[in-house]
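Containing mmCIF, C-alpha atoms: final13.cif.
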data_upload
#
loop_
_atom_site.group_PDB
_atom_site.id
_atom_site.type_symbol
_atom_site.label_atom_id
_atom_site.label_comp_id
_atom_site.auth_asym_id
_atom_site.auth_seq_id
_atom_site.Cartn_x
_atom_site.Cartn_y
_atom_site.Cartn_z
ATOM 1 C CA MET V 966 80.816 154.476 89.204
ATOM 2 C CA THR V 967 80.808 153.001 85.719
ATOM 3 C CA GLN V 968 79.363 156.173 84.208
ATOM 4 C CA GLN V 969 82.056 158.281 85.873
ATOM 5 C CA ALA V 970 84.864 156.005 84.627
ATOM 6 C CA SER V 971 83.706 155.806 81.008
ATOM 7 C CA PRO V 972 85.150 159.198 79.905
ATOM 8 C CA ILE V 973 88.519 158.163 81.326
ATOM 9 C CA TRP V 974 88.413 154.940 79.374
ATOM 10 C CA LEU V 975 87.568 156.886 76.235
ATOM 11 C CA LEU V 976 90.547 159.174 76.783
ATOM 12 C CA LEU V 977 92.806 156.157 77.214
ATOM 13 C CA LEU V 978 91.302 154.349 74.251
ATOM 14 C CA PHE V 979 91.582 157.228 71.766
ATOM 15 C CA PRO V 980 95.413 157.256 71.422
ATOM 16 C CA VAL V 981 95.399 153.468 71.107
ATOM 17 C CA MET V 982 92.831 153.637 68.312
ATOM 18 C CA TRP V 983 94.755 156.497 66.676
ATOM 19 C CA VAL V 984 97.972 154.461 66.581
ATOM 20 C CA CYS V 985 96.131 151.378 65.297
ATOM 21 C CA VAL V 986 94.373 153.263 62.494
ATOM 22 C CA SER V 987 97.521 155.165 61.434
ATOM 23 C CA THR V 988 99.515 151.925 61.435
ATOM 24 C CA LEU V 989 96.884 150.147 59.343
ATOM 25 C CA LEU V 990 96.883 152.987 56.800
ATOM 26 C CA ALA V 991 100.690 152.943 56.661
ATOM 27 C CA VAL V 992 100.699 149.223 55.964
ATOM 28 C CA SER V 993 97.991 149.442 53.302
ATOM 29 C CA SER V 994 99.679 152.389 51.566
ATOM 30 C CA GLY V 995 102.999 150.559 51.339
ATOM 31 C CA TRP V 996 104.887 153.103 53.443
ATOM 32 C CA TYR V 997 106.554 150.452 55.613
ATOM 33 C CA SER V 998 107.650 148.431 52.600
ATOM 34 C CA ILE V 999 109.170 151.509 50.962
ATOM 35 C CA MET V 1000 110.976 152.755 54.077
ATOM 36 C CA LEU V 1001 112.522 149.313 54.616
ATOM 37 C CA ARG V 1002 113.597 149.103 50.984
ATOM 38 C CA PHE V 1003 114.909 152.683 50.801
ATOM 39 C CA PRO V 1004 116.122 153.740 54.278
ATOM 40 C CA ASP V 1005 116.800 157.399 54.943
ATOM 41 C CA ARG V 1006 120.276 158.887 55.293
ATOM 42 C CA PRO V 1007 119.734 161.761 57.738
ATOM 43 C CA GLU V 1008 123.277 163.049 57.267
ATOM 44 C CA GLU V 1009 122.504 164.027 53.663
ATOM 45 C CA GLN V 1010 121.406 167.654 53.469
ATOM 46 C CA ALA V 1011 118.277 168.663 51.578
ATOM 47 C CA LEU V 1012 118.553 171.071 48.660
ATOM 48 C CA LEU V 1013 114.848 171.916 48.860
ATOM 49 C CA LYS V 1014 112.284 171.019 51.507
ATOM 50 C CA VAL V 1015 108.550 171.565 51.043
ATOM 51 C CA THR V 1016 106.249 170.931 53.989
ATOM 52 C CA ARG V 1017 102.502 170.436 54.556
ATOM 53 C CA GLN V 1018 102.043 168.834 51.145
ATOM 54 C CA SER V 1019 99.184 166.602 50.017
ATOM 55 C CA GLY V 1020 99.317 163.466 47.936
ATOM 56 C CA SER V 1021 98.432 159.806 47.897
ATOM 57 C CA LEU V 1022 100.630 156.796 48.465
ATOM 58 C CA GLY V 1023 99.018 153.803 46.866
ATOM 59 C CA LEU V 1024 95.295 154.168 47.593
ATOM 60 C CA VAL V 1025 95.750 156.154 50.817
ATOM 61 C CA GLY V 1026 95.304 159.918 50.649
ATOM 62 C CA MET V 1027 97.549 162.110 52.796
ATOM 63 C CA ARG V 1028 96.240 165.633 53.165
ATOM 64 C CA GLY V 1029 98.700 168.305 54.208
ATOM 65 C CA ILE V 1030 101.004 165.969 56.163
ATOM 66 C CA LEU V 1031 103.758 165.118 53.671
ATOM 67 C CA ILE V 1032 107.274 166.584 53.680
ATOM 68 C CA LEU V 1033 109.213 166.286 50.420
ATOM 69 C CA SER V 1034 112.935 167.038 50.140
ATOM 70 C CA THR V 1035 115.310 166.854 47.200
ATOM 71 C CA CYS V 1036 118.838 165.624 47.947
ATOM 72 C CA ASN V 1037 121.807 164.993 45.681
ATOM 73 C CA SER V 1038 121.236 161.235 45.775
ATOM 74 C CA GLY V 1039 117.457 161.078 45.763
ATOM 75 C CA LEU V 1040 114.043 162.181 46.999
ATOM 76 C CA ARG V 1041 113.338 162.095 50.719
ATOM 77 C CA VAL V 1042 109.722 161.554 51.753
ATOM 78 C CA SER V 1043 108.665 162.223 55.326
ATOM 79 C CA MET V 1044 105.434 162.619 57.236
ATOM 80 C CA ASN V 1045 104.197 164.576 60.215
ATOM 81 C CA ARG V 1046 104.812 162.025 62.966
ATOM 82 C CA LEU V 1047 101.534 162.901 64.647
ATOM 83 C CA PHE V 1048 99.758 161.135 61.764
ATOM 84 C CA GLY V 1049 102.278 158.310 61.443
ATOM 85 C CA PRO V 1050 104.097 157.568 64.718
ATOM 86 C CA PHE V 1051 106.059 154.704 63.143
ATOM 87 C CA ASN V 1052 106.399 156.149 59.640
ATOM 88 C CA ARG V 1053 110.108 156.820 59.291
ATOM 89 C CA SER V 1054 111.449 158.943 56.448
ATOM 90 C CA PHE V 1055 112.755 157.192 53.356
ATOM 91 C CA LEU V 1056 115.170 158.315 50.645
ATOM 92 C CA VAL V 1057 114.647 156.911 47.158
ATOM 93 C CA PRO V 1058 117.624 157.193 44.744
ATOM 94 C CA TRP V 1059 116.845 159.178 41.605
ATOM 95 C CA GLU V 1060 117.681 156.201 39.396
ATOM 96 C CA ARG V 1061 114.949 154.180 41.136
ATOM 97 C CA ILE V 1062 112.214 156.763 40.478
ATOM 98 C CA SER V 1063 110.055 156.873 37.369
ATOM 99 C CA VAL V 1064 107.798 159.847 36.613
ATOM 100 C CA THR V 1065 104.414 159.736 34.883
ATOM 101 C CA ARG V 1066 102.317 162.824 34.130
ATOM 102 C CA LYS V 1067 98.556 162.372 34.433
ATOM 103 C CA ARG V 1068 95.562 164.494 33.562
ATOM 104 C CA SER V 1069 92.463 164.289 35.733
ATOM 105 C CA LEU V 1070 89.098 165.990 36.102
ATOM 106 C CA TRP V 1071 90.356 168.192 38.935
ATOM 107 C CA TRP V 1072 94.013 169.052 38.231
ATOM 108 C CA PRO V 1073 97.167 167.641 36.609
ATOM 109 C CA ARG V 1074 98.963 165.072 38.751
ATOM 110 C CA VAL V 1075 102.389 163.459 38.743
ATOM 111 C CA GLU V 1076 102.991 159.848 39.762
ATOM 112 C CA LEU V 1077 106.381 159.010 41.240
ATOM 113 C CA ARG V 1078 106.928 155.256 41.225
ATOM 114 C CA PHE V 1079 109.575 153.919 43.577
ATOM 115 C CA GLY V 1080 111.429 150.838 42.403
ATOM 116 C CA ASN V 1081 109.187 148.159 40.978
ATOM 117 C CA SER V 1082 105.412 148.091 41.268
ATOM 118 C CA SER V 1083 105.405 146.141 44.537
ATOM 119 C CA PHE V 1084 106.635 149.215 46.427
ATOM 120 C CA GLY V 1085 103.812 151.496 45.363
ATOM 121 C CA SER V 1086 103.880 155.045 44.068
ATOM 122 C CA LEU V 1087 103.402 158.585 45.321
ATOM 123 C CA THR V 1088 101.018 160.892 43.470
ATOM 124 C CA ILE V 1089 101.371 164.643 43.977
ATOM 125 C CA ALA V 1090 100.233 167.846 42.292
ATOM 126 C CA ASP V 1091 102.074 168.821 39.128
ATOM 127 C CA TYR V 1092 103.250 172.189 40.444
ATOM 128 C CA ILE V 1093 104.916 170.517 43.440
ATOM 129 C CA ALA V 1094 106.711 168.060 41.152
ATOM 130 C CA ASN V 1095 107.848 170.955 38.958
ATOM 131 C CA LYS V 1096 109.185 172.787 42.009
ATOM 132 C CA LEU V 1097 111.170 169.714 43.032
ATOM 133 C CA TRP V 1098 112.443 169.345 39.471
ATOM 134 C CA ARG V 1099 113.689 172.939 39.350
ATOM 135 C CA SER V 1100 115.655 172.414 42.566
ATOM 136 C CA ILE V 1101 117.786 169.627 41.045
ATOM 137 C CA PRO V 1102 117.329 169.624 37.239
ATOM 138 C CA GLU V 1103 120.419 167.516 36.544
ATOM 139 C CA ARG V 1104 119.145 164.552 38.575
ATOM 140 C CA TRP V 1105 115.376 164.678 38.177
ATOM 141 C CA PRO V 1106 114.272 161.449 36.434
ATOM 142 C CA GLU V 1107 112.135 162.995 33.710
ATOM 143 C CA ALA V 1108 112.934 163.873 30.135
ATOM 144 C CA GLY V 1109 112.040 167.148 28.467
ATOM 145 C CA PRO V 1110 112.698 170.829 29.061
ATOM 146 C CA LEU V 1111 112.882 172.151 32.599
ATOM 147 C CA PRO V 1112 109.446 173.571 33.496
ATOM 148 C CA GLY V 1113 109.366 177.262 34.278
ATOM 149 C CA LEU V 1114 107.061 178.996 36.681
ATOM 150 C CA GLU V 1115 103.411 178.409 35.858
ATOM 151 C CA PRO V 1116 101.826 181.366 34.031
ATOM 152 C CA ARG V 1117 99.333 183.267 36.161
ATOM 153 C CA ALA V 1118 96.561 182.747 33.603
ATOM 154 C CA ARG V 1119 97.016 178.968 33.763
ATOM 155 C CA SER V 1120 96.920 178.968 37.553
ATOM 156 C CA ILE V 1121 93.709 180.994 37.537
ATOM 157 C CA ALA V 1122 92.124 178.766 34.885
ATOM 158 C CA ILE V 1123 92.891 175.546 36.780
ATOM 159 C CA VAL V 1124 91.608 176.883 40.108
ATOM 160 C CA VAL V 1125 88.452 178.426 38.593
ATOM 161 C CA VAL V 1126 87.538 175.199 36.793
ATOM 162 C CA GLN V 1127 87.978 173.248 40.029
ATOM 163 C CA TRP V 1128 85.854 175.766 41.921
ATOM 164 C CA LEU V 1129 83.060 175.656 39.342
ATOM 165 C CA LEU V 1130 82.929 171.855 39.237
ATOM 166 C CA ILE V 1131 82.889 171.441 43.017
ATOM 167 C CA THR V 1132 80.313 174.215 43.463
ATOM 168 C CA VAL V 1133 77.985 172.732 40.849
ATOM 169 C CA LEU V 1134 78.206 169.249 42.373
ATOM 170 C CA ALA V 1135 77.637 170.527 45.920
ATOM 171 C CA ALA V 1136 74.759 172.824 44.933
ATOM 172 C CA THR V 1137 73.096 170.007 42.998
ATOM 173 C CA PHE V 1138 73.326 167.766 46.055
ATOM 174 C CA PHE V 1139 71.853 170.411 48.386
ATOM 175 C CA LEU V 1140 68.983 171.028 45.969
ATOM 176 C CA LEU V 1141 68.091 167.449 45.025
ATOM 177 C CA ALA V 1142 68.852 165.380 48.140
ATOM 178 C CA PRO V 1143 66.245 167.013 50.441
ATOM 179 C CA ARG V 1144 63.590 166.809 47.719
ATOM 180 C CA LEU V 1145 64.224 163.103 47.205
ATOM 181 C CA VAL V 1146 64.376 162.237 50.907
ATOM 182 C CA ALA V 1147 61.549 164.459 52.182
ATOM 183 C CA PRO V 1148 59.681 166.056 49.267
ATOM 184 C CA ASN V 1149 56.976 167.542 51.500
ATOM 185 C CA ALA V 1150 59.341 169.146 54.007
ATOM 186 C CA ALA V 1151 60.754 172.657 53.872
ATOM 187 C CA GLN V 1152 63.482 172.812 51.250
ATOM 188 C CA VAL V 1153 66.838 174.573 51.175
ATOM 189 C CA PRO V 1154 66.482 177.909 49.353
ATOM 190 C CA VAL V 1155 68.087 177.901 45.937
ATOM 191 C CA ALA V 1156 70.259 180.908 46.772
ATOM 192 C CA VAL V 1157 71.611 179.229 49.909
ATOM 193 C CA ALA V 1158 72.238 175.940 48.100
ATOM 194 C CA ILE V 1159 74.349 177.766 45.526
ATOM 195 C CA LEU V 1160 76.012 180.539 47.531
ATOM 196 C CA PHE V 1161 77.061 178.427 50.523
ATOM 197 C CA PRO V 1162 79.287 175.967 48.572
ATOM 198 C CA ALA V 1163 80.415 178.779 46.264
ATOM 199 C CA VAL V 1164 81.765 180.800 49.198
ATOM 200 C CA VAL V 1165 83.220 177.852 51.132
ATOM 201 C CA PHE V 1166 84.975 176.310 48.149
ATOM 202 C CA GLY V 1167 85.935 179.763 46.921
ATOM 203 C CA LEU V 1168 87.989 180.299 50.081
ATOM 204 C CA PHE V 1169 89.569 176.883 49.618
ATOM 205 C CA SER V 1170 90.358 177.736 45.985
ATOM 206 C CA LEU V 1171 92.158 180.890 47.079
ATOM 207 C CA ILE V 1172 94.425 178.741 49.251
ATOM 208 C CA VAL V 1173 95.060 176.376 46.341
ATOM 209 C CA TYR V 1174 95.853 179.318 44.061
ATOM 210 C CA SER V 1175 98.315 180.807 46.546
ATOM 211 C CA ARG V 1176 100.105 177.449 46.781
ATOM 212 C CA ARG V 1177 100.317 177.104 43.019
ATOM 213 C CA ARG V 1178 101.819 180.600 42.752
#
Since I need it in another form, could you write the structure as structure tokens?
Amino acid sequence: MTQQASPIWLLLLFPVMWVCVSTLLAVSSGWYSIMLRFPDRPEEQALLKVTRQSGSLGLVGMRGILILSTCNSGLRVSMNRLFGPFNRSFLVPWERISVTRKRSLWWPRVELRFGNSSFGSLTIADYIANKLWRSIPERWPEAGPLPGLEPRARSIAIVVVQWLLITVLAATFFLLAPRLVAPNAAQVPVAVAILFPAVVFGLFSLIVYSRRR
């Protein structure tokens, strides 16, 4: 009887655990603090809305679940409610946003800080920030000339460098890890260790390139 009931309990427990984990991540990222400080105004229409975006709020990464919208009064940040049942949208006035450009090993990033430091910051890819900027150049809180569309050569260079770095790291792991753990066992062929991550991350890089373009 107990063995038959256990799958049912697991099915009932999963949504509870999902809500608990998503709520904990929302609290740790600062989402709740920001949405209370900067409540949304649903009646304000968006000038540009980009969906399925990735970024990080505080120390919490959010892959493909962010929705960013530019409005006349500010930037609206939303989330796919499946991944944040209690994460309401928030609208930060442009005058309360500061922009910092950052260079990293993988790709250029842009940090959008909301209010003072206690409310956290949102980090997104540079090309997404530039797209938002072009949609409302007169209000975007960043000095300098309006960025144009990224040259094709630059997009290719950024994506190829990312692909090479990830492929080298993955291939090195596949080659060295088995030899360190079980040196006398059959090892992964060199061609497989290199070609497998090259193909997998190559497909991912094509997606990244299409988004940048």
Query - the PyMOL selection byres ((chain V and resi 1106) around 10) applied to the shown file, residues as number ranges by chain - result: V: 1039, 1058-1064, 1077, 1098, 1102-1105, 1107-1108
Query - Pick from V:Asn1037, V:Gly1085, V:Pro1050, V:Glu1009, whichever lies nearest to Ser994 in chain V using all atoms listed in the file - result: V:Gly1085
**Report entry** For Phe1003 in chain V, the nearest of the candidates V:Phe1048, V:Trp974, V:Phe1079, V:Phe979, counting all atoms listed in the file
**Finding:**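 Using all atoms listed in the file, the shortest distance to Phe1003 in chain V belongs to V:Phe1079.
Considering the residues V:Ala1090, V:Leu1056, V:Arg1028, V:Leu1111 and counting all atoms listed in the file, Arg1068 in chain V has its shortest atom-to-atom contact with V:Ala1090.
The residue set within 8 Å of Leu1097 in chain V, counting only C-alpha atoms and dropping same-chain residues fewer than 3 places from it, reads Leu1013, Ser1034, Thr1035, Ile1093, Ala1094, Ser1100 and Ile1101 of chain V.
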**Report entry** the PyMOL selection byres ((chain V and resi 1046) around 12) resolved against shown file, as a ChimeraX atom specification
**Finding:** /V:984,987-988,991,1030-1032,1043-1045,1047-1054
Query raised in the report: What does the distance between CA of Phe1138 in chain V and CA of Val1125 in chain V come to in Å, to one decimal place?
Result: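 So the two atoms, CA of Phe1138 in chain V and CA of Val1125 in chain V, lie 20.0 Å apart.
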Assuming the chain letters and numbering stay as they are in my file, what does the PyMOL selection byres ((chain V and resi 1123) around 10) actually select? List them as a tab-separated table (two decimals) with C-alpha atoms, in the coordinates of the input.
chain	number	residue	atom	x	y	z
V	1071	TRP	CA	90.36	168.19	38.94
V	1072	TRP	CA	94.01	169.05	38.23
V	1073	PRO	CA	97.17	167.64	36.61
V	1118	ALA	CA	96.56	182.75	33.60
V	1119	ARG	CA	97.02	178.97	33.76
V	1120	SER	CA	96.92	178.97	37.55
V	1121	ILE	CA	93.71	180.99	37.54
V	1122	ALA	CA	92.12	178.77	34.88
V	1124	VAL	CA	91.61	176.88	40.11
V	1125	VAL	CA	88.45	178.43	38.59
V	1126	VAL	CA	87.54	175.20	36.79
V	1127	GLN	CA	87.98	173.25	40.03
V	1128	TRP	CA	85.85	175.77	41.92
V	1170	SER	CA	90.36	177.74	45.98
V	1173	VAL	CA	95.06	176.38	46.34
V	1174	TYR	CA	95.85	179.32	44.06
V	1177	ARG	CA	100.32	177.10	43.02
Report as JSON the centre and the edge lengths, in Å to one decimal, of the axis-aligned box holding every listed atom of range 1050-1064 of chain V, padded by 8 Å on each side.
{"center_x": 110.9, "center_y": 157.0, "center_z": 50.7, "size_x": 29.6, "size_y": 21.7, "size_z": 44.1}
Requested in this report: Write out as a list in words which residues come within 10 Å of Thr1137 in chain V when counting only C-alpha atoms, dropping same-chain ones fewer than 5 positions away.
Outcome: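 Answer for this query is Ile1131, Thr1132, Ala1142, Val1155, Ala1158 and Ile1159 of chain V.
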Report task. Using all atoms listed in the file, collect all residues at a distance of at most 10 Å from (100.6, 153.7, 44.3) as written in the file, then present them as an MDAnalysis selection string. Result -> chainID V and resid 994:995 1021:1025 1076:1079 1082:1088
Report task. Have a look at CA of Cys1036 in chain V and CA of Met1000 in chain V and let me know their distance in Å, one decimal. Result -> 16.3 Å
**Report entry** CA of Thr1065 in chain V to CA of Arg1099 in chain V, distance in Å rounded to a single decimal
**Finding:** 16.7 Å
